[in-house]
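*Asks:* Next comes the structure file target-v1.tsv, holding TSV, C-alpha atoms.
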chain	number	residue	atom	x	y	z
A	1	MET	CA	36.02	7.66	-9.06
A	2	ALA	CA	32.66	6.26	-7.86
A	3	ARG	CA	30.17	4.53	-10.15
A	4	ILE	CA	26.55	5.34	-9.37
A	5	PRO	CA	23.89	2.88	-10.60
A	6	MET	CA	21.10	4.27	-12.78
A	7	THR	CA	17.44	3.39	-12.27
A	8	SER	CA	14.64	3.34	-14.77
A	9	GLY	CA	12.82	6.02	-12.79
A	10	PHE	CA	9.09	6.31	-12.22
A	11	VAL	CA	6.91	3.79	-14.04
A	12	ILE	CA	3.14	3.90	-13.83
A	13	ILE	CA	1.51	0.59	-12.82
A	14	PRO	CA	0.02	-1.02	-15.93
A	15	GLU	CA	-3.75	-1.39	-16.10
A	16	GLY	CA	-5.06	-4.66	-14.70
A	17	GLU	CA	-6.15	-6.34	-11.49
A	18	TYR	CA	-3.69	-6.55	-8.59
A	19	VAL	CA	-3.62	-7.48	-4.94
A	20	PHE	CA	-2.01	-4.73	-2.86
A	21	ARG	CA	-0.58	-4.79	0.66
A	22	ILE	CA	-1.10	-1.58	2.60
A	23	TYR	CA	2.32	-0.72	4.00
A	24	ASP	CA	1.72	2.77	5.38
A	25	ALA	CA	-1.21	5.01	6.27
A	26	THR	CA	-1.21	8.56	7.59
A	27	TYR	CA	-3.86	11.10	8.49
A	28	ASP	CA	-3.16	14.83	8.60
A	29	GLU	CA	-5.86	16.18	10.93
A	30	ASP	CA	-5.07	19.82	10.14
A	31	PHE	CA	-5.89	19.39	6.44
A	32	GLY	CA	-8.17	16.33	6.61
A	33	ARG	CA	-5.97	14.30	4.26
A	34	ILE	CA	-5.53	10.54	4.41
A	35	GLU	CA	-2.68	8.95	2.48
A	36	ILE	CA	-2.58	5.18	2.01
A	37	LYS	CA	0.56	3.60	0.51
A	38	LEU	CA	0.20	0.26	-1.24
A	39	VAL	CA	2.56	-2.25	-2.86
A	40	ASN	CA	1.71	-5.11	-5.20
A	41	ALA	CA	3.40	-8.54	-5.35
A	42	GLN	CA	5.82	-7.28	-8.05
A	43	GLY	CA	6.99	-4.46	-5.74
A	44	ALA	CA	5.28	-1.62	-7.63
A	45	THR	CA	3.85	1.06	-5.36
A	46	HIS	CA	0.73	3.19	-5.50
A	47	THR	CA	-0.60	5.93	-3.22
A	48	GLU	CA	-4.30	6.55	-2.59
A	49	ARG	CA	-5.19	10.00	-1.23
A	50	PHE	CA	-8.46	11.07	0.33
A	51	SER	CA	-9.23	14.71	1.23
A	52	ILE	CA	-12.04	14.10	3.69
A	53	LYS	CA	-12.41	17.76	4.73
A	54	ASP	CA	-13.06	20.78	2.55
A	55	LYS	CA	-11.61	24.28	2.83
A	56	ASN	CA	-14.31	25.15	5.43
A	57	ASP	CA	-13.15	22.26	7.65
A	58	GLU	CA	-16.42	20.40	6.93
A	59	TYR	CA	-16.48	16.74	5.94
A	60	ASN	CA	-16.34	16.11	2.20
A	61	GLU	CA	-19.08	13.48	1.95
A	62	LYS	CA	-17.91	11.99	-1.38
A	63	ALA	CA	-14.30	11.57	-0.22
A	64	LEU	CA	-15.43	10.22	3.15
A	65	ASN	CA	-17.66	7.67	1.36
A	66	ALA	CA	-14.76	6.65	-0.90
A	67	PHE	CA	-12.40	6.22	2.06
A	68	SER	CA	-15.04	4.34	4.06
A	69	TYR	CA	-15.58	1.86	1.24
A	70	PHE	CA	-11.82	1.44	0.77
A	71	ALA	CA	-11.24	0.83	4.51
A	72	LYS	CA	-14.20	-1.53	4.96
A	73	THR	CA	-13.08	-3.53	1.92
A	74	ALA	CA	-9.45	-3.72	3.05
A	75	MET	CA	-10.55	-4.81	6.54
A	76	ASN	CA	-13.24	-7.10	5.06
A	77	ASP	CA	-15.66	-5.70	7.65
A	78	TYR	CA	-18.58	-3.72	6.25
A	79	THR	CA	-20.09	-3.10	9.72
A	80	MET	CA	-17.22	-0.88	11.00
A	81	GLU	CA	-18.27	2.41	12.59
A	82	ASP	CA	-14.84	4.12	12.56
A	83	ILE	CA	-11.16	3.36	12.04
A	84	ASP	CA	-7.71	4.76	12.69
A	85	PRO	CA	-6.05	4.69	9.24
A	86	GLU	CA	-2.97	3.00	10.75
A	87	GLN	CA	-5.15	-0.06	11.43
A	88	LEU	CA	-5.14	-0.65	7.65
A	89	ILE	CA	-1.40	-1.38	7.63
A	90	ASN	CA	-0.58	-4.96	6.56
A	91	HIS	CA	-4.09	-5.60	5.25
A	92	TYR	CA	-4.62	-6.52	1.60
A	93	ILE	CA	-7.03	-5.27	-1.02
A	94	ARG	CA	-7.69	-6.44	-4.57
A	95	ALA	CA	-8.25	-3.60	-7.01
A	96	GLU	CA	-8.36	-2.89	-10.70
A	97	VAL	CA	-5.85	-0.27	-11.85
A	98	VAL	CA	-7.46	2.04	-14.40
A	99	HIS	CA	-5.59	4.79	-16.28
A	100	THR	CA	-7.08	8.24	-16.72
A	101	LYS	CA	-5.47	10.47	-19.37
A	102	VAL	CA	-5.90	14.23	-19.19
A	103	PRO	CA	-4.17	17.23	-20.79
A	104	SER	CA	-1.19	18.51	-18.82
A	105	ASN	CA	-1.79	21.74	-16.92
A	106	LYS	CA	1.83	22.71	-17.67
A	107	ASP	CA	1.73	22.02	-21.41
A	108	PRO	CA	-1.72	21.60	-23.05
A	109	ASN	CA	-0.06	19.81	-25.99
A	110	LYS	CA	1.01	16.98	-23.70
A	111	GLU	CA	-1.07	14.37	-21.93
A	112	VAL	CA	-0.54	12.99	-18.41
A	113	THR	CA	-1.70	9.60	-17.16
A	114	PHE	CA	-3.01	8.91	-13.66
A	115	ALA	CA	-3.42	5.43	-12.20
A	116	ASN	CA	-6.66	5.07	-10.22
A	117	LEU	CA	-8.01	2.11	-8.31
A	118	GLY	CA	-11.32	0.89	-9.70
A	119	ASP	CA	-13.28	-2.18	-8.61
A	120	LYS	CA	-12.13	-3.20	-5.13
A	121	SER	CA	-12.63	-6.42	-3.18
A	122	PRO	CA	-11.14	-7.96	-0.02
A	123	ALA	CA	-7.98	-10.06	-0.21
A	124	ASP	CA	-6.23	-12.26	2.37
A	125	GLY	CA	-2.77	-11.92	0.86
A	126	PHE	CA	-0.91	-11.86	-2.44
A	127	ASP	CA	-2.18	-14.24	-5.11
A	128	THR	CA	1.26	-14.63	-6.70
A	129	GLU	CA	4.71	-15.14	-5.20
A	130	PRO	CA	5.77	-11.68	-3.93
A	131	VAL	CA	9.21	-10.15	-4.35
A	132	ALA	CA	11.06	-9.28	-1.13
A	133	ARG	CA	10.24	-5.56	-1.49
A	134	ALA	CA	6.50	-6.33	-1.39
A	135	LEU	CA	6.90	-7.88	2.06
A	136	THR	CA	9.54	-5.60	3.57
A	137	LEU	CA	8.36	-2.19	2.39
A	138	GLY	CA	7.09	-0.13	5.29
A	139	ASN	CA	8.29	2.09	8.06
A	140	GLY	CA	9.93	-0.07	10.71
A	141	ASN	CA	7.07	-2.03	12.25
A	142	ASN	CA	5.02	-1.74	9.04
A	143	ALA	CA	6.88	-4.54	7.28
A	144	ALA	CA	4.69	-7.56	6.64
A	145	PRO	CA	4.77	-10.11	9.45
A	146	LYS	CA	7.24	-12.87	8.78
A	147	ALA	CA	6.23	-16.52	8.84
A	148	ALA	CA	7.08	-18.33	12.06
A	149	PRO	CA	10.49	-20.00	11.88
A	150	LYS	CA	10.40	-23.73	11.26
A	151	THR	CA	11.23	-25.81	14.29
A	152	GLN	CA	13.71	-28.62	14.03
A	153	THR	CA	11.98	-31.99	14.29
A	154	THR	CA	15.00	-34.28	14.29
A	155	SER	CA	16.01	-35.96	17.50
A	156	ALA	CA	19.72	-35.20	17.22
A	157	PRO	CA	21.51	-34.83	20.52
A	158	ALA	CA	21.80	-31.25	21.76
A	159	LYS	CA	25.19	-29.65	21.14
A	160	THR	CA	27.07	-28.11	24.00
A	161	GLY	CA	29.91	-25.63	23.88
A	162	LEU	CA	31.08	-23.51	20.96
A	163	ASP	CA	29.97	-24.49	17.46
A	164	ILE	CA	32.93	-23.56	15.20
A	165	ASP	CA	31.11	-24.68	12.02
A	166	ALA	CA	28.23	-22.28	12.71
A	167	LEU	CA	30.63	-19.41	13.41
A	168	LEU	CA	32.64	-19.95	10.23
A	169	GLY	CA	29.57	-20.49	8.07
Just give me the structure as C-alpha cells.
*Replies:*
Amino acid sequence: MARIPMTSGFVIIPEGEYVFRIYDATYDEDFGRIEIKLVNAQGATHTERFSIKDKNDEYNEKALNAFSYFAKTAMNDYTMEDIDPEQLINHYIRAEVVHTKVPSNKDPNKEVTFANLGDKSPADGFDTEPVARALTLGNGNNAAPKAAPKTQTTSAPAKTGLDIDALLG
C-alpha cells in the first residue's frame, strides 16, 4: 500500500515587507488580464492580477495605472513607454503585504482574508538567503539565472583518460 505525504495546504503570506522575484507573467489579450506570479525568499507565492480592459474592451485607467506603476518599479525604470509582461520575469520588487478582511460571499457569517501588495519599491535581489524553491520556481526558462560556476585556480596537471573516482563518486 502506498503512503502519500500530507501538506499543510494553502497559507496566506503574513503581513510584512518582503522582496519578491517575479517568476511568471502572462497577458490574456482577449480579456485584458495580466497575471504576475511572485515568490519571496522563503518560497511563499503570491499572484497579482490586473484587469486592464473593461467589459466594453476599453482600457481600465485605474488598473492600467496600477500595472504601470508595478512594472516600472519592478524594472526600476520610471521612463518606460510600454512593456511586454514577460519582460518582468526574474526581476525583483519589494512590497508590503497587507491583509484585507471582508465578509464571505458564500457565507456572510464568515470572513475571508486577501493578501494585497501595498508600498512597492525596486529591489536588486533577495535581502535574505533564499530557499531553493525561490530560485527555481518558474516555467522552464523562467527559473532564476544561476551564478557562474567557479573556475578551478589550482595549477594541478591536467588528467587524461578515464577518471574512475569521478565516475564512482
*Asks:* Compare A:Ala66, A:Ala71, A:Val102, A:Leu135 by their minimum atom-to-atom distance to Gly118 of chain A, counting all atoms listed in the file, and give me the closest one.
*Replies:*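 Counting all atoms listed in the file, the residue closest to Gly118 of chain A is A:Ala66.
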*Asks:* For segment 81-84 of chain A, please output as an mmCIF file with C-alpha atoms, in the frame of the given file all residues within 12 Å (counting only C-alpha atoms; exclusion window: fewer than 6 positions along the same chain).
*Replies:*
data_model
loop_
_atom_site.group_PDB
_atom_site.id
_atom_site.type_symbol
_atom_site.label_atom_id
_atom_site.label_comp_id
_atom_site.auth_asym_id
_atom_site.auth_seq_id
_atom_site.Cartn_x
_atom_site.Cartn_y
_atom_site.Cartn_z
ATOM 1 C CA ALA A 25 -1.210 5.010 6.270
ATOM 2 C CA THR A 26 -1.210 8.560 7.590
ATOM 3 C CA TYR A 27 -3.860 11.100 8.490
ATOM 4 C CA ASP A 28 -3.160 14.830 8.600
ATOM 5 C CA GLU A 29 -5.860 16.180 10.930
ATOM 6 C CA ILE A 34 -5.530 10.540 4.410
ATOM 7 C CA ILE A 36 -2.580 5.180 2.010
ATOM 8 C CA LEU A 64 -15.430 10.220 3.150
ATOM 9 C CA PHE A 67 -12.400 6.220 2.060
ATOM 10 C CA SER A 68 -15.040 4.340 4.060
ATOM 11 C CA TYR A 69 -15.580 1.860 1.240
ATOM 12 C CA PHE A 70 -11.820 1.440 0.770
ATOM 13 C CA ALA A 71 -11.240 0.830 4.510
ATOM 14 C CA LYS A 72 -14.200 -1.530 4.960
ATOM 15 C CA ALA A 74 -9.450 -3.720 3.050
ATOM 16 C CA MET A 75 -10.550 -4.810 6.540
#
*Asks:* What does the distance between atom CA of Glu61 of chain A and atom CA of His99 of chain A come to in Å, to one decimal place?
*Replies:* 24.3 Å
*Asks:* Counting all atoms listed in the file, which residue out of A:Ala41, A:Tyr18, A:Asn65, A:Phe50 sits closest to Pro130 of chain A?
*Replies:*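 Of the candidates, the smallest distance to Pro130 of chain A is held by A:Ala41.
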*Asks:* Which residue out of A:Asn90, A:Asn60, A:Ser51, A:Asn76 has the minimum interatomic distance to Leu137 of chain A when all atoms listed in the file are used?
*Replies:*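 Closest to Leu137 of chain A of all the choices is A:Asn90.
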*Asks:* Neighbours of segment 44-47 of chain A within 12 Å (all atoms listed in the file; same-chain residues fewer than 6 positions away dropped), as a ChimeraX atom specification?
*Replies:* /A:9-14,18-26,34-38,95,97,114-117,130-135,137-138
*Asks:* What gap, in Å, lies between atom CA of Lys55 of chain A and atom CA of Arg33 of chain A?
*Replies:* 11.6 Å
*Asks:* Grab the atom CA of Met6 of chain A to atom CA of Gly43 of chain A distance for me, in Å with one decimal place.
*Replies:*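 Atom CA of Met6 of chain A sits 18.0 Å away from atom CA of Gly43 of chain A.
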*Asks:* Please determine an axis-aligned box that encloses all atoms of segment 26-34 of chain A listed in the file, with 6 Å added on each side, and express its centre and edge lengths in Å to one decimal as JSON.
*Replies:*
{"center_x": -4.7, "center_y": 14.2, "center_z": 7.6, "size_x": 19.0, "size_y": 23.3, "size_z": 18.7}
*Asks:* Here is a test: counting all atoms listed in the file, which residue of A:Glu15, A:Val39, A:Pro108, A:Lys53 is nearest to Ile89 of chain A?
*Replies:*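 When distances to Ile89 of chain A are compared using all atoms listed in the file, the smallest one comes from A:Val39.
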*Asks:* Reconstruct N, CA, C and O atoms of segment 78-100 of chain A from the incomplete input and present them as a CSV table (one decimal), in the frame of the given file.
*Replies:*
chain,number,residue,atom,x,y,z
A,78,TYR,N,-17.7,-4.8,6.7
A,78,TYR,CA,-18.6,-3.7,6.2
A,78,TYR,C,-19.5,-3.2,7.3
A,78,TYR,O,-20.4,-2.3,7.1
A,79,THR,N,-19.3,-3.6,8.6
A,79,THR,CA,-20.1,-3.1,9.7
A,79,THR,C,-19.3,-2.1,10.6
A,79,THR,O,-19.8,-1.6,11.6
A,80,MET,N,-18.1,-1.8,10.2
A,80,MET,CA,-17.2,-0.9,11.0
A,80,MET,C,-17.9,0.5,11.1
A,80,MET,O,-18.5,1.0,10.2
A,81,GLU,N,-17.7,1.1,12.3
A,81,GLU,CA,-18.3,2.4,12.6
A,81,GLU,C,-17.2,3.5,12.4
A,81,GLU,O,-17.5,4.6,12.0
A,82,ASP,N,-15.9,3.2,12.7
A,82,ASP,CA,-14.8,4.1,12.6
A,82,ASP,C,-13.5,3.3,12.5
A,82,ASP,O,-13.5,2.1,12.8
A,83,ILE,N,-12.5,4.0,12.2
A,83,ILE,CA,-11.2,3.4,12.0
A,83,ILE,C,-10.0,4.4,12.2
A,83,ILE,O,-10.2,5.6,11.7
A,84,ASP,N,-8.9,4.0,12.7
A,84,ASP,CA,-7.7,4.8,12.7
A,84,ASP,C,-7.0,4.3,11.4
A,84,ASP,O,-6.8,3.1,11.3
A,85,PRO,N,-6.7,5.1,10.5
A,85,PRO,CA,-6.0,4.7,9.2
A,85,PRO,C,-4.9,3.7,9.4
A,85,PRO,O,-4.6,2.9,8.6
A,86,GLU,N,-4.1,3.9,10.5
A,86,GLU,CA,-3.0,3.0,10.8
A,86,GLU,C,-3.4,1.5,10.9
A,86,GLU,O,-2.6,0.6,10.8
A,87,GLN,N,-4.7,1.3,11.3
A,87,GLN,CA,-5.2,-0.1,11.4
A,87,GLN,C,-5.2,-0.8,10.1
A,87,GLN,O,-5.2,-2.0,10.0
A,88,LEU,N,-5.1,0.0,9.0
A,88,LEU,CA,-5.1,-0.6,7.6
A,88,LEU,C,-3.8,-1.3,7.3
A,88,LEU,O,-3.7,-2.1,6.4
A,89,ILE,N,-2.7,-0.9,8.0
A,89,ILE,CA,-1.4,-1.4,7.6
A,89,ILE,C,-1.4,-2.9,7.7
A,89,ILE,O,-1.9,-3.5,8.7
A,90,ASN,N,-0.7,-3.5,6.7
A,90,ASN,CA,-0.6,-5.0,6.6
A,90,ASN,C,-1.9,-5.7,6.3
A,90,ASN,O,-2.0,-6.9,6.4
A,91,HIS,N,-2.9,-5.0,5.8
A,91,HIS,CA,-4.1,-5.6,5.2
A,91,HIS,C,-4.0,-5.5,3.7
A,91,HIS,O,-3.2,-4.7,3.2
A,92,TYR,N,-4.7,-6.4,3.1
A,92,TYR,CA,-4.6,-6.5,1.6
A,92,TYR,C,-5.9,-6.1,1.0
A,92,TYR,O,-7.0,-6.3,1.6
A,93,ILE,N,-5.8,-5.6,-0.3
A,93,ILE,CA,-7.0,-5.3,-1.0
A,93,ILE,C,-6.8,-5.6,-2.5
A,93,ILE,O,-5.7,-5.4,-3.0
A,94,ARG,N,-7.8,-6.2,-3.1
A,94,ARG,CA,-7.7,-6.4,-4.6
A,94,ARG,C,-8.4,-5.3,-5.3
A,94,ARG,O,-9.4,-4.8,-4.9
A,95,ALA,N,-7.7,-4.7,-6.3
A,95,ALA,CA,-8.2,-3.6,-7.0
A,95,ALA,C,-7.8,-3.6,-8.5
A,95,ALA,O,-6.8,-4.1,-8.8
A,96,GLU,N,-8.7,-3.0,-9.3
A,96,GLU,CA,-8.4,-2.9,-10.7
A,96,GLU,C,-7.7,-1.5,-10.9
A,96,GLU,O,-8.3,-0.5,-10.5
A,97,VAL,N,-6.5,-1.5,-11.5
A,97,VAL,CA,-5.8,-0.3,-11.8
A,97,VAL,C,-6.4,0.2,-13.2
A,97,VAL,O,-6.4,-0.5,-14.2
A,98,VAL,N,-6.9,1.4,-13.2
A,98,VAL,CA,-7.5,2.0,-14.4
A,98,VAL,C,-6.7,3.3,-14.7
A,98,VAL,O,-6.5,4.1,-13.7
A,99,HIS,N,-6.3,3.6,-15.9
A,99,HIS,CA,-5.6,4.8,-16.3
A,99,HIS,C,-6.6,5.9,-16.7
A,99,HIS,O,-7.5,5.6,-17.5
A,100,THR,N,-6.3,7.1,-16.3
A,100,THR,CA,-7.1,8.2,-16.7
A,100,THR,C,-6.1,9.2,-17.4
A,100,THR,O,-5.1,9.6,-16.8
